[in-house]
Every structure is written in structure tokens, then in C-alpha cells.
$ cat start-v8.pdb   # PDB, C-alpha atoms
MODEL        1
ATOM      1  CA  MET A  14       0.000   0.000   0.000
ATOM      2  CA  LYS A  15       1.251   3.439  -0.945
ATOM      3  CA  VAL A  16       0.350   6.732   0.745
ATOM      4  CA  ILE A  17       0.228   9.666  -1.667
ATOM      5  CA  ARG A  18      -0.022  13.281  -0.565
ATOM      6  CA  THR A  19       0.113  15.270  -3.817
ATOM      7  CA  ILE A  20      -2.302  15.559  -6.716
ATOM      8  CA  PRO A  21       0.290  15.094  -9.507
ATOM      9  CA  GLU A  22       1.623  11.877  -7.935
ATOM     10  CA  MET A  23      -1.899  10.494  -7.520
ATOM     11  CA  GLN A  24      -2.775  11.298 -11.131
ATOM     12  CA  THR A  25       0.470   9.771 -12.412
ATOM     13  CA  SER A  26      -0.091   6.597 -10.399
ATOM     14  CA  VAL A  27      -3.624   5.973 -11.660
ATOM     15  CA  LYS A  28      -2.596   6.744 -15.236
ATOM     16  CA  GLN A  29       0.056   4.032 -14.992
ATOM     17  CA  GLU A  30      -2.444   1.543 -13.576
ATOM     18  CA  ARG A  31      -4.844   2.356 -16.410
ATOM     19  CA  ARG A  32      -2.122   1.871 -19.020
ATOM     20  CA  GLU A  33      -1.766  -1.643 -17.624
ATOM     21  CA  GLY A  34      -5.475  -2.221 -18.154
ATOM     22  CA  LYS A  35      -6.443  -2.241 -14.494
ATOM     23  CA  THR A  36      -9.808  -1.136 -13.135
ATOM     24  CA  ILE A  37      -9.960   1.370 -10.279
ATOM     25  CA  GLY A  38     -12.428   1.414  -7.390
ATOM     26  CA  PHE A  39     -12.578   4.565  -5.287
ATOM     27  CA  VAL A  40     -13.807   5.161  -1.729
ATOM     28  CA  PRO A  41     -13.746   8.861  -0.726
ATOM     29  CA  THR A  42     -13.804   9.510   3.044
ATOM     30  CA  MET A  43     -12.943  12.097   5.657
ATOM     31  CA  GLY A  44     -11.044   9.469   7.616
ATOM     32  CA  TYR A  45     -11.565   8.168  11.142
ATOM     33  CA  LEU A  46     -12.569   4.934   9.453
ATOM     34  CA  HIS A  47     -15.326   2.738  10.876
ATOM     35  CA  GLU A  48     -17.065  -0.466   9.873
ATOM     36  CA  GLY A  49     -19.174   1.276   7.258
ATOM     37  CA  HIS A  50     -16.050   2.525   5.468
ATOM     38  CA  LEU A  51     -14.464  -0.915   5.674
ATOM     39  CA  THR A  52     -17.543  -2.445   4.041
ATOM     40  CA  LEU A  53     -17.168   0.008   1.142
ATOM     41  CA  LEU A  54     -13.505  -0.946   0.795
ATOM     42  CA  GLN A  55     -14.398  -4.632   0.841
ATOM     43  CA  LYS A  56     -16.920  -4.139  -1.980
ATOM     44  CA  ALA A  57     -14.367  -2.150  -3.984
ATOM     45  CA  ARG A  58     -11.740  -4.846  -3.431
ATOM     46  CA  GLU A  59     -14.101  -7.565  -4.674
ATOM     47  CA  THR A  60     -14.697  -5.979  -8.077
ATOM     48  CA  ASN A  61     -11.603  -3.921  -8.949
ATOM     49  CA  ASP A  62      -7.930  -4.492  -9.645
ATOM     50  CA  ILE A  63      -6.909  -1.341  -7.763
ATOM     51  CA  VAL A  64      -8.556   0.255  -4.717
ATOM     52  CA  VAL A  65      -7.979   3.938  -3.915
ATOM     53  CA  LEU A  66      -9.032   5.369  -0.564
ATOM     54  CA  SER A  67      -9.006   9.131  -0.067
ATOM     55  CA  ILE A  68      -8.786  10.663   3.392
ATOM     56  CA  PHE A  69      -9.461  14.380   3.395
ATOM     57  CA  VAL A  70     -11.401  16.432   5.924
ATOM     58  CA  ASN A  71     -13.010  18.827   3.491
ATOM     59  CA  PRO A  72     -13.458  22.355   4.873
ATOM     60  CA  THR A  73     -15.919  23.462   2.197
ATOM     61  CA  GLN A  74     -18.679  21.168   3.471
ATOM     62  CA  PHE A  75     -18.628  22.464   7.052
ATOM     63  CA  GLY A  76     -21.235  25.057   7.962
ATOM     64  CA  PRO A  77     -20.681  28.137  10.175
ATOM     65  CA  ASN A  78     -21.843  26.270  13.297
ATOM     66  CA  GLU A  79     -19.862  23.098  12.536
ATOM     67  CA  ASP A  80     -16.336  22.822  13.903
ATOM     68  CA  PHE A  81     -13.915  21.765  11.180
ATOM     69  CA  ASP A  82     -10.992  21.710  13.620
ATOM     70  CA  ALA A  83     -12.840  19.419  16.044
ATOM     71  CA  TYR A  84     -13.528  16.720  13.448
ATOM     72  CA  PRO A  85     -11.796  13.506  14.666
ATOM     73  CA  ARG A  86      -8.566  12.568  12.940
ATOM     74  CA  ASP A  87      -6.287   9.551  13.468
ATOM     75  CA  PHE A  88      -4.244   8.846  10.357
ATOM     76  CA  GLU A  89      -2.051   6.142  11.920
ATOM     77  CA  ARG A  90      -5.125   4.124  12.824
ATOM     78  CA  ASP A  91      -6.708   4.766   9.411
ATOM     79  CA  GLU A  92      -3.522   3.710   7.638
ATOM     80  CA  LYS A  93      -3.442   0.420   9.553
ATOM     81  CA  LEU A  94      -7.102  -0.320   8.789
ATOM     82  CA  ALA A  95      -6.634   0.566   5.114
ATOM     83  CA  LYS A  96      -3.693  -1.799   4.819
ATOM     84  CA  GLU A  97      -5.688  -4.607   6.445
ATOM     85  CA  ALA A  98      -8.554  -3.931   4.006
ATOM     86  CA  GLY A  99      -6.277  -4.420   0.999
ATOM     87  CA  VAL A 100      -6.165  -0.807  -0.173
ATOM     88  CA  ASP A 101      -3.560  -0.101  -2.867
ATOM     89  CA  TYR A 102      -3.360   3.687  -2.599
ATOM     90  CA  VAL A 103      -4.294   6.108   0.169
ATOM     91  CA  PHE A 104      -4.659   9.633  -1.170
ATOM     92  CA  TYR A 105      -4.012  11.858   1.844
ATOM     93  CA  PRO A 106      -3.675  15.506   0.775
ATOM     94  CA  ASP A 107      -3.749  18.508   3.081
ATOM     95  CA  VAL A 108      -6.003  21.515   2.615
ATOM     96  CA  ARG A 109      -3.292  23.544   0.832
ATOM     97  CA  GLU A 110      -2.893  20.763  -1.726
ATOM     98  CA  MET A 111      -6.619  20.568  -2.497
ATOM     99  CA  TYR A 112      -7.370  24.301  -2.241
ATOM    100  CA  PRO A 113      -4.109  26.175  -2.958
ATOM    101  CA  LYS A 114      -5.968  29.409  -3.665
ATOM    102  CA  GLU A 115      -9.483  30.783  -3.712
ATOM    103  CA  MET A 116     -11.471  28.991  -6.398
ATOM    104  CA  SER A 117     -12.655  31.003  -9.385
ATOM    105  CA  ILE A 118     -15.617  28.704 -10.119
ATOM    106  CA  SER A 119     -18.128  27.502  -7.565
ATOM    107  CA  VAL A 120     -20.333  24.400  -7.577
ATOM    108  CA  SER A 121     -23.926  24.828  -6.417
ATOM    109  CA  VAL A 122     -26.297  21.883  -5.966
ATOM    110  CA  GLN A 123     -29.788  22.984  -6.978
ATOM    111  CA  LYS A 124     -31.887  19.874  -6.359
ATOM    112  CA  ARG A 125     -32.133  17.003  -3.858
ATOM    113  CA  VAL A 126     -30.764  19.125  -0.999
ATOM    114  CA  ASP A 127     -33.758  20.985   0.493
ATOM    115  CA  VAL A 128     -35.194  17.951   2.296
ATOM    116  CA  LEU A 129     -34.042  15.449   4.963
ATOM    117  CA  CYS A 130     -30.826  16.485   6.758
ATOM    118  CA  GLY A 131     -29.828  18.797   3.889
ATOM    119  CA  SER A 132     -32.629  21.228   4.735
ATOM    120  CA  LYS A 133     -30.757  22.209   7.908
ATOM    121  CA  ARG A 134     -27.233  22.230   6.443
ATOM    122  CA  GLU A 135     -27.246  25.048   3.911
ATOM    123  CA  GLY A 136     -24.264  24.861   1.584
ATOM    124  CA  HIS A 137     -23.126  21.461   2.883
ATOM    125  CA  PHE A 138     -23.746  19.605  -0.361
ATOM    126  CA  ASP A 139     -22.162  22.411  -2.394
ATOM    127  CA  GLY A 140     -18.967  21.574  -0.506
ATOM    128  CA  VAL A 141     -19.465  17.832  -1.008
ATOM    129  CA  ALA A 142     -19.989  18.287  -4.747
ATOM    130  CA  THR A 143     -16.961  20.595  -5.001
ATOM    131  CA  VAL A 144     -14.541  18.162  -3.397
ATOM    132  CA  LEU A 145     -15.951  15.198  -5.313
ATOM    133  CA  MET A 146     -15.543  17.032  -8.627
ATOM    134  CA  LYS A 147     -11.886  17.445  -7.724
ATOM    135  CA  LEU A 148     -11.401  13.913  -6.426
ATOM    136  CA  PHE A 149     -13.117  12.291  -9.404
ATOM    137  CA  ASN A 150     -10.809  14.181 -11.752
ATOM    138  CA  ILE A 151      -7.738  13.305  -9.687
ATOM    139  CA  VAL A 152      -8.452   9.589  -9.175
ATOM    140  CA  ASN A 153     -10.382   8.940 -12.411
ATOM    141  CA  PRO A 154     -12.062   5.777 -11.060
ATOM    142  CA  ASP A 155     -14.233   3.242 -12.836
ATOM    143  CA  GLN A 156     -16.448   2.836  -9.781
ATOM    144  CA  ALA A 157     -17.073   5.016  -6.708
ATOM    145  CA  TYR A 158     -18.533   3.545  -3.521
ATOM    146  CA  PHE A 159     -20.869   5.345  -1.111
ATOM    147  CA  GLY A 160     -22.891   4.085   1.841
ATOM    148  CA  MET A 161     -26.674   4.271   1.808
ATOM    149  CA  LYS A 162     -26.636   5.300   5.472
ATOM    150  CA  ASP A 163     -26.398   8.796   3.950
ATOM    151  CA  ALA A 164     -28.871   8.206   1.142
ATOM    152  CA  GLN A 165     -29.222  11.926   0.443
ATOM    153  CA  GLN A 166     -25.510  12.161  -0.287
ATOM    154  CA  VAL A 167     -25.810   9.190  -2.643
ATOM    155  CA  ALA A 168     -28.664  10.974  -4.439
ATOM    156  CA  VAL A 169     -26.549  14.134  -4.817
ATOM    157  CA  VAL A 170     -23.576  12.126  -6.122
ATOM    158  CA  ASP A 171     -25.888  10.397  -8.599
ATOM    159  CA  GLY A 172     -26.921  13.806  -9.919
ATOM    160  CA  LEU A 173     -23.326  15.017 -10.067
ATOM    161  CA  ILE A 174     -22.144  12.012 -12.065
ATOM    162  CA  HIS A 175     -24.998  12.203 -14.553
ATOM    163  CA  ASP A 176     -25.135  15.990 -14.946
ATOM    164  CA  TYR A 177     -21.400  16.298 -15.589
ATOM    165  CA  ASN A 178     -20.979  13.084 -17.587
ATOM    166  CA  PHE A 179     -18.365  11.468 -15.380
ATOM    167  CA  PRO A 180     -17.556   8.010 -16.787
ATOM    168  CA  ILE A 181     -17.983   6.558 -13.300
ATOM    169  CA  GLU A 182     -20.348   3.899 -11.993
ATOM    170  CA  LEU A 183     -21.879   4.883  -8.673
ATOM    171  CA  VAL A 184     -22.069   1.862  -6.375
ATOM    172  CA  PRO A 185     -24.420   2.383  -3.413
ATOM    173  CA  VAL A 186     -23.709  -0.003  -0.533
ATOM    174  CA  GLU A 187     -26.384  -1.038   1.940
ATOM    175  CA  THR A 188     -26.283   0.278   5.502
ATOM    176  CA  VAL A 189     -24.291  -1.872   7.910
ATOM    177  CA  ARG A 190     -26.476  -2.925  10.843
ATOM    178  CA  GLU A 191     -26.252  -4.521  14.261
ATOM    179  CA  GLU A 192     -27.902  -7.907  14.712
ATOM    180  CA  ASP A 193     -31.058  -6.229  16.027
ATOM    181  CA  GLY A 194     -31.308  -3.962  12.964
ATOM    182  CA  LEU A 195     -29.943  -0.721  14.403
ATOM    183  CA  ALA A 196     -27.833   1.108  11.833
ATOM    184  CA  LYS A 197     -24.214   1.105  12.968
ATOM    185  CA  SER A 198     -22.985   4.555  13.934
ATOM    186  CA  SER A 199     -20.313   6.086  16.104
ATOM    187  CA  ARG A 200     -23.163   7.979  17.784
ATOM    188  CA  ASN A 201     -24.684   4.773  19.175
ATOM    189  CA  VAL A 202     -22.229   4.822  22.093
ATOM    190  CA  TYR A 203     -23.984   7.954  23.395
ATOM    191  CA  LEU A 204     -27.269   6.098  23.890
ATOM    192  CA  THR A 205     -28.229   5.195  27.439
ATOM    193  CA  GLU A 206     -28.840   1.524  28.202
ATOM    194  CA  GLN A 207     -32.596   2.027  27.892
ATOM    195  CA  GLU A 208     -32.282   4.078  24.682
ATOM    196  CA  ARG A 209     -30.111   1.359  23.151
ATOM    197  CA  LYS A 210     -32.920  -1.122  23.809
ATOM    198  CA  GLU A 211     -35.414   1.227  22.157
ATOM    199  CA  ALA A 212     -33.306   2.249  19.152
ATOM    200  CA  PRO A 213     -33.948  -0.859  16.972
ATOM    201  CA  ALA A 214     -37.552   0.347  16.765
ATOM    202  CA  LEU A 215     -36.413   2.957  14.227
ATOM    203  CA  TYR A 216     -35.541   0.331  11.624
ATOM    204  CA  ALA A 217     -38.534  -1.768  12.671
ATOM    205  CA  SER A 218     -40.832   1.184  11.945
ATOM    206  CA  LEU A 219     -39.401   1.518   8.443
ATOM    207  CA  GLN A 220     -39.789  -2.191   7.762
ATOM    208  CA  ALA A 221     -43.372  -2.195   9.043
ATOM    209  CA  ALA A 222     -44.208   0.791   6.833
ATOM    210  CA  LYS A 223     -42.691  -0.944   3.809
ATOM    211  CA  GLU A 224     -44.903  -3.941   4.519
ATOM    212  CA  ARG A 225     -47.977  -1.714   4.658
ATOM    213  CA  ILE A 226     -47.139  -0.179   1.298
ATOM    214  CA  GLY A 227     -46.618  -3.688  -0.097
ATOM    215  CA  GLN A 228     -50.128  -4.531   1.091
ATOM    216  CA  GLY A 229     -51.531  -1.690  -0.982
ATOM    217  CA  GLU A 230     -51.320   1.528   1.061
ATOM    218  CA  GLN A 231     -50.561   4.356  -1.391
ATOM    219  CA  ASN A 232     -51.200   7.452   0.714
ATOM    220  CA  PRO A 233     -47.884   9.064   1.765
ATOM    221  CA  GLN A 234     -49.446  10.861   4.746
ATOM    222  CA  ALA A 235     -50.915   7.636   6.096
ATOM    223  CA  ILE A 236     -47.468   6.015   6.011
ATOM    224  CA  LEU A 237     -45.788   8.995   7.680
ATOM    225  CA  SER A 238     -48.395   8.997  10.447
ATOM    226  CA  PHE A 239     -47.926   5.266  10.945
ATOM    227  CA  VAL A 240     -44.121   5.584  11.305
ATOM    228  CA  LYS A 241     -44.378   8.541  13.687
ATOM    229  CA  ASN A 242     -46.878   6.708  15.873
ATOM    230  CA  TYR A 243     -44.688   3.598  15.906
ATOM    231  CA  ILE A 244     -41.620   5.562  17.036
ATOM    232  CA  GLU A 245     -43.536   7.533  19.664
ATOM    233  CA  THR A 246     -45.047   4.316  21.014
ATOM    234  CA  HIS A 247     -41.834   2.293  21.128
ATOM    235  CA  THR A 248     -39.167   4.873  22.024
ATOM    236  CA  SER A 249     -38.524   7.889  24.237
ATOM    237  CA  GLY A 250     -36.872   9.707  21.330
ATOM    238  CA  ILE A 251     -38.058  12.994  19.846
ATOM    239  CA  ILE A 252     -38.784  12.835  16.121
ATOM    240  CA  ASP A 253     -36.800  15.337  14.054
ATOM    241  CA  TYR A 254     -38.331  14.221  10.767
ATOM    242  CA  VAL A 255     -40.016  11.330   9.009
ATOM    243  CA  GLN A 256     -40.179  11.842   5.247
ATOM    244  CA  ILE A 257     -40.957   9.827   2.130
ATOM    245  CA  TYR A 258     -39.891  10.783  -1.394
ATOM    246  CA  SER A 259     -39.133   9.442  -4.825
ATOM    247  CA  TYR A 260     -35.538   8.255  -5.072
ATOM    248  CA  PRO A 261     -33.024   9.495  -6.099
ATOM    249  CA  GLN A 262     -34.980  12.590  -7.178
ATOM    250  CA  LEU A 263     -36.139  13.316  -3.591
ATOM    251  CA  THR A 264     -39.431  14.808  -4.726
ATOM    252  CA  GLU A 265     -42.848  14.511  -3.106
ATOM    253  CA  MET A 266     -45.446  12.117  -4.501
ATOM    254  CA  ASP A 267     -49.237  12.043  -4.409
ATOM    255  CA  LYS A 268     -49.199   8.258  -4.743
ATOM    256  CA  LEU A 269     -46.516   5.817  -3.634
ATOM    257  CA  GLU A 270     -45.091   4.154  -6.720
ATOM    258  CA  GLY A 271     -41.709   3.604  -8.355
ATOM    259  CA  LYS A 272     -38.507   3.808  -6.308
ATOM    260  CA  LEU A 273     -38.982   5.342  -2.867
ATOM    261  CA  ILE A 274     -36.981   6.407   0.154
ATOM    262  CA  LEU A 275     -38.491   6.424   3.613
ATOM    263  CA  ALA A 276     -36.151   8.250   5.985
ATOM    264  CA  LEU A 277     -36.163   9.417   9.578
ATOM    265  CA  ALA A 278     -34.126  11.250  12.202
ATOM    266  CA  VAL A 279     -34.791  10.860  15.915
ATOM    267  CA  LYS A 280     -33.163  12.691  18.818
ATOM    268  CA  PHE A 281     -32.362  10.810  21.999
ATOM    269  CA  SER A 282     -30.842  12.429  25.096
ATOM    270  CA  LYS A 283     -27.287  12.645  23.725
ATOM    271  CA  ALA A 284     -27.520  11.243  20.188
ATOM    272  CA  ARG A 285     -29.412  12.022  17.000
ATOM    273  CA  LEU A 286     -29.897   8.864  14.919
ATOM    274  CA  ILE A 287     -30.792   8.688  11.237
ATOM    275  CA  ASP A 288     -31.957   5.728   9.174
ATOM    276  CA  ASN A 289     -33.653   5.011   5.884
ATOM    277  CA  ILE A 290     -34.711   2.303   3.485
ATOM    278  CA  THR A 291     -35.121   2.495  -0.294
ATOM    279  CA  TRP A 292     -37.067   0.097  -2.454
ATOM    280  CA  THR A 293     -39.229  -0.098  -5.565
ATOM    281  CA  VAL A 294     -42.992  -0.434  -5.253
TER     282      VAL A 294
ENDMDL
END
$ encode --input "start-v8.pdb" --output "C-alpha cells"
Amino acid sequence: MKVIRTIPEMQTSVKQERREGKTIGFVPTMGYLHEGHLTLLQKARETNDIVVLSIFVNPTQFGPNEDFDAYPRDFERDEKLAKEAGVDYVFYPDVREMYPKEMSISVSVQKRVDVLCGSKREGHFDGVATVLMKLFNIVNPDQAYFGMKDAQQVAVVDGLIHDYNFPIELVPVETVREEDGLAKSSRNVYLTEQERKEAPALYASLQAAKERIGQGEQNPQAILSFVKNYIETHTSGIIDYVQIYSYPQLTEMDKLEGKLILALAVKFSKARLIDNITWTV
């Protein structure tokens, strides 16, 4: 495994791999790797000759009330995990390498961002799209892997790839879950013992709603009311949102048909948990 810190060296390395006919799988991250990241790397390893992992805490996606400097960083640990996962290249640039001067062109995401978590993080996905435009051009992958835990980000990346004609296959990877269905998250450790017992009800509510739709319920409001009631009955959490949209367009529907996303966010005493499921009716 090779650690690369400059853009020219990364571009030269992938060009050489391509000249040798090798396929490239890419997993972009902000580091502090967890099991979700490792699952993405495993999927990339299974289907590509070369796996590139980027670790870059991107300042342009942090809002005014979000602390860029406080974001957790542990490169030695990440490097060890990457090596164990079979990564070939770790692209690890600093901020000066990625943003050497003020950019003369800005990227603005117009759709798929005014709902779910994006509605409260103005400008966040502009920063995500900006750094991905750069990373896609630097790494030039065949496939890029993203976790469906953040399904809104996957929807934005889908739009980016199609709108700007990147010759990249987007590979969404299912959310990694505990045995009881709770989506794995670093935030789970902040749940009290009782909240941890309640938390699997979030995924259970989504599954129960999916079953109702499969039985013929087509009214979005009826499904949203059902999920909210389920969560309020089975947990002590406070609902932030429960929303259902077409996917990946993230638009409202009068009738539930086609590909859907049902997503939620619930606040417990010291943790805000998100979850979602997507499927085709």
C-alpha cells in the first residue's frame, strides 16, 4: 500500500495503472474509518484491480456552526485499517494541496438538498460536490462507492455524475447494521442503556411501513403517520423528521409508486440517529 499526498503523484499513479489495463475502485472519506467505510472498501476490493481510498477532511462542506478543527482525525489508525482492508493507494492531501488558492468557479447543488438532513445544512452539499468534482478528476475511477446510510448524499452524487458526464459507476452499498437492525454509527455509544434497547424500533418502523405499502397503502401521509406513531409508542426519542420521497430525485409524490426512500431522524438524550430504506414499489 502506498500513501500519496500530492495531486500530480496520484494522477500519475492511476494513469500508470490504467495503461496496464487495471480497473480502479474509489472510496472517498474524511477518515476516522469505521465499519461502514471498511464495508465500502471490501466491496471495492471484490470488483476492482486497484482500490484507492481518499482521506481528506473537506473544509468546504462544514457550515458556520460546525467545527472543522474538532472533526476527529487519526491517520495512523486509518492507515493500519486501510492496509488490512487491501487498499492499494491512500490519497491523503492537506487543505493547501486541495485548495491552494481561492477557487474562481463555484459548484452549487440545486436539487435534492432541500429535504431530509440537507434542509438544515445550507451549503453542505455544495462543498461535497466541489470536493468530489476534484477527487473524481484526480483519481479517475471506474467505480465510486458510497454508503446508503447517507442516502441523500448518494442521491446528490448520482446527480453530479450524470449531470457532468463522469464516466464513473456509482455503487451504493447497503447500511451496515447490528444484529437487532440498528444502523451502525459512532453515535450509538452515546445512547443510554434504555435508549439502546429502544433504538432498533427505528428500523422496525421503516420495515413495518414498507410492509404496509406492499399490502396496498398508497397514501404518503398515512405512512408517515404510521411511522411517527410507531416511534412515539416504542421509544422515548423525539422525532426530528419522518419523510418519504421518490428516489433518487427526492421529490414529493401524491401516490406511492416507483422507487422510494423512507427516511427518519430521531433525537435521543445525547444522540441524533438517522436511518432510511429504499425500495421499488
$ closest_residue --input "start-v8.pdb" --among "A:Thr25, A:Thr205, A:Ser121, A:Asn289" --to "Val255 (chain A)" --atoms "all atoms listed in the file"
A:Asn289
$ closest_residue --input "start-v8.pdb" --among "A:Pro113, A:Pro85, A:Gly34, A:Pro261" --to "Ala168 (chain A)" --atoms "all atoms listed in the file"
A:Pro261
$ residues_around --input "start-v8.pdb" --residues "Gly250 (chain A)" --least-positions-apart "5" --cutoff "9 Å" --atoms "all atoms listed in the file" --output "list in words"
Glu208, Glu211, Ala212, Ile244, Glu245, Val279, Lys280, Phe281, Ser282 and Arg285 of chain A
$ closest_atom_pairs --input "start-v8.pdb" --of "region 123-174 of chain A" --to "region 38-61 of chain A" --cutoff "10 Å" --atoms "all atoms listed in the file" --output "CSV"
residue,atom,partner,partner_atom,distance
A:Val144,CA,A:Pro41,CA,9.7
A:Leu145,CA,A:Pro41,CA,8.1
A:Leu148,CA,A:Pro41,CA,8.0
A:Phe149,CA,A:Phe39,CA,8.8
A:Val152,CA,A:Phe39,CA,7.6
A:Asn153,CA,A:Phe39,CA,8.6
A:Pro154,CA,A:Gly38,CA,5.7
A:Asp155,CA,A:Gly38,CA,6.0
A:Gln156,CA,A:Gly38,CA,4.9
A:Ala157,CA,A:Phe39,CA,4.7
A:Tyr158,CA,A:Val40,CA,5.3
A:Phe159,CA,A:Leu53,CA,6.9
A:Gly160,CA,A:Leu53,CA,7.1
A:Met161,CA,A:Gly49,CA,9.7
A:Lys162,CA,A:Gly49,CA,8.7
$ residues_near_point --input "start-v8.pdb" --point "(-3.6, 16.0, 0.2)" --cutoff "9 Å" --atoms "all atoms listed in the file" --output "count of residues only"
15
$ atom_distance --input "start-v8.pdb" --atom1 "CA of Lys15 (chain A)" --atom2 "CA of Asn71 (chain A)"
21.4 Å
$ resolve_selection --input "start-v8.pdb" --expression "the PyMOL selection byres ((chain A and resi 241) around 12)" --output "VMD selection string"
chain A and resid 214 to 215 217 to 219 221 to 222 234 to 240 242 to 248 250 to 256 275 to 279
$ write_last_selection --input "start-v8.pdb" --atoms "C-alpha atoms" --output "mmCIF file, in the frame of the given file"
data_model
loop_
_atom_site.group_PDB
_atom_site.id
_atom_site.type_symbol
_atom_site.label_atom_id
_atom_site.label_comp_id
_atom_site.auth_asym_id
_atom_site.auth_seq_id
_atom_site.Cartn_x
_atom_site.Cartn_y
_atom_site.Cartn_z
ATOM 1 C CA ALA A 214 -37.552 0.347 16.765
ATOM 2 C CA LEU A 215 -36.413 2.957 14.227
ATOM 3 C CA ALA A 217 -38.534 -1.768 12.671
ATOM 4 C CA SER A 218 -40.832 1.184 11.945
ATOM 5 C CA LEU A 219 -39.401 1.518 8.443
ATOM 6 C CA ALA A 221 -43.372 -2.195 9.043
ATOM 7 C CA ALA A 222 -44.208 0.791 6.833
ATOM 8 C CA GLN A 234 -49.446 10.861 4.746
ATOM 9 C CA ALA A 235 -50.915 7.636 6.096
ATOM 10 C CA ILE A 236 -47.468 6.015 6.011
ATOM 11 C CA LEU A 237 -45.788 8.995 7.680
ATOM 12 C CA SER A 238 -48.395 8.997 10.447
ATOM 13 C CA PHE A 239 -47.926 5.266 10.945
ATOM 14 C CA VAL A 240 -44.121 5.584 11.305
ATOM 15 C CA ASN A 242 -46.878 6.708 15.873
ATOM 16 C CA TYR A 243 -44.688 3.598 15.906
ATOM 17 C CA ILE A 244 -41.620 5.562 17.036
ATOM 18 C CA GLU A 245 -43.536 7.533 19.664
ATOM 19 C CA THR A 246 -45.047 4.316 21.014
ATOM 20 C CA HIS A 247 -41.834 2.293 21.128
ATOM 21 C CA THR A 248 -39.167 4.873 22.024
ATOM 22 C CA GLY A 250 -36.872 9.707 21.330
ATOM 23 C CA ILE A 251 -38.058 12.994 19.846
ATOM 24 C CA ILE A 252 -38.784 12.835 16.121
ATOM 25 C CA ASP A 253 -36.800 15.337 14.054
ATOM 26 C CA TYR A 254 -38.331 14.221 10.767
ATOM 27 C CA VAL A 255 -40.016 11.330 9.009
ATOM 28 C CA GLN A 256 -40.179 11.842 5.247
ATOM 29 C CA LEU A 275 -38.491 6.424 3.613
ATOM 30 C CA ALA A 276 -36.151 8.250 5.985
ATOM 31 C CA LEU A 277 -36.163 9.417 9.578
ATOM 32 C CA ALA A 278 -34.126 11.250 12.202
ATOM 33 C CA VAL A 279 -34.791 10.860 15.915
#
$ closest_residue --input "start-v8.pdb" --among "A:Lys283, A:Leu263, A:Thr293, A:Gln220" --to "Val126 (chain A)" --atoms "only C-alpha atoms"
A:Leu263
$ resolve_selection --input "start-v8.pdb" --expression "the PyMOL selection byres ((chain A and resi 197) around 10)" --output "number ranges by chain"
A: 47-49, 162, 188-192, 194-196, 198-201, 286, 288
$ axis_aligned_box --input "start-v8.pdb" --around "region 17-27 of chain A" --padding-each-side "8 Å" --output "lines of an AutoDock Vina configuration file"
center_x = -1.0
center_y = 10.8
center_z = -6.5
size_x = 21.2
size_y = 25.6
size_z = 27.8
$ closest_residue --input "start-v8.pdb" --among "A:Met266, A:Val184, A:Val141, A:Met14" --to "Pro72 (chain A)" --atoms "all atoms listed in the file"
A:Val141
$ residues_around --input "start-v8.pdb" --residues "Glu135 (chain A)" --least-positions-apart "2" --cutoff "12 Å" --atoms "all atoms listed in the file" --output "PyMOL selection string"
chain A and resi 73-79+121-123+126-133+137-141
$ atom_distance --input "start-v8.pdb" --atom1 "CA of Ile174 (chain A)" --atom2 "CA of Ser119 (chain A)"
16.6 Å
$ residues_around --input "start-v8.pdb" --residues "Val27 (chain A)" --least-positions-apart "3" --cutoff "10 Å" --atoms "only C-alpha atoms" --output "CSV table (one decimal) with C-alpha atoms, in the coordinates of the input"
chain,number,residue,atom,x,y,z
A,22,GLU,CA,1.6,11.9,-7.9
A,23,MET,CA,-1.9,10.5,-7.5
A,24,GLN,CA,-2.8,11.3,-11.1
A,30,GLU,CA,-2.4,1.5,-13.6
A,31,ARG,CA,-4.8,2.4,-16.4
A,32,ARG,CA,-2.1,1.9,-19.0
A,33,GLU,CA,-1.8,-1.6,-17.6
A,35,LYS,CA,-6.4,-2.2,-14.5
A,36,THR,CA,-9.8,-1.1,-13.1
A,37,ILE,CA,-10.0,1.4,-10.3
A,63,ILE,CA,-6.9,-1.3,-7.8
A,65,VAL,CA,-8.0,3.9,-3.9
A,102,TYR,CA,-3.4,3.7,-2.6
A,151,ILE,CA,-7.7,13.3,-9.7
A,152,VAL,CA,-8.5,9.6,-9.2
A,153,ASN,CA,-10.4,8.9,-12.4
A,154,PRO,CA,-12.1,5.8,-11.1
$ resolve_selection --input "start-v8.pdb" --expression "the PyMOL selection byres ((chain A and resi 269) around 6)" --output "mmCIF file with C-alpha atoms, keeping the file's coordinate frame"
data_model
loop_
_atom_site.group_PDB
_atom_site.id
_atom_site.type_symbol
_atom_site.label_atom_id
_atom_site.label_comp_id
_atom_site.auth_asym_id
_atom_site.auth_seq_id
_atom_site.Cartn_x
_atom_site.Cartn_y
_atom_site.Cartn_z
ATOM 1 C CA GLN A 231 -50.561 4.356 -1.391
ATOM 2 C CA LYS A 268 -49.199 8.258 -4.743
ATOM 3 C CA GLU A 270 -45.091 4.154 -6.720
#
$ closest_residue --input "start-v8.pdb" --among "A:Ser117, A:Thr143, A:Ser249, A:Asn150" --to "Pro21 (chain A)" --atoms "all atoms listed in the file"
A:Asn150
$ atom_distance --input "start-v8.pdb" --atom1 "CA of Val202 (chain A)" --atom2 "CA of Val167 (chain A)"
25.4 Å
$ closest_residue --input "start-v8.pdb" --among "A:Asp62, A:Trp292, A:Gln29, A:Ala95" --to "Val16 (chain A)" --atoms "all atoms listed in the file"
A:Ala95
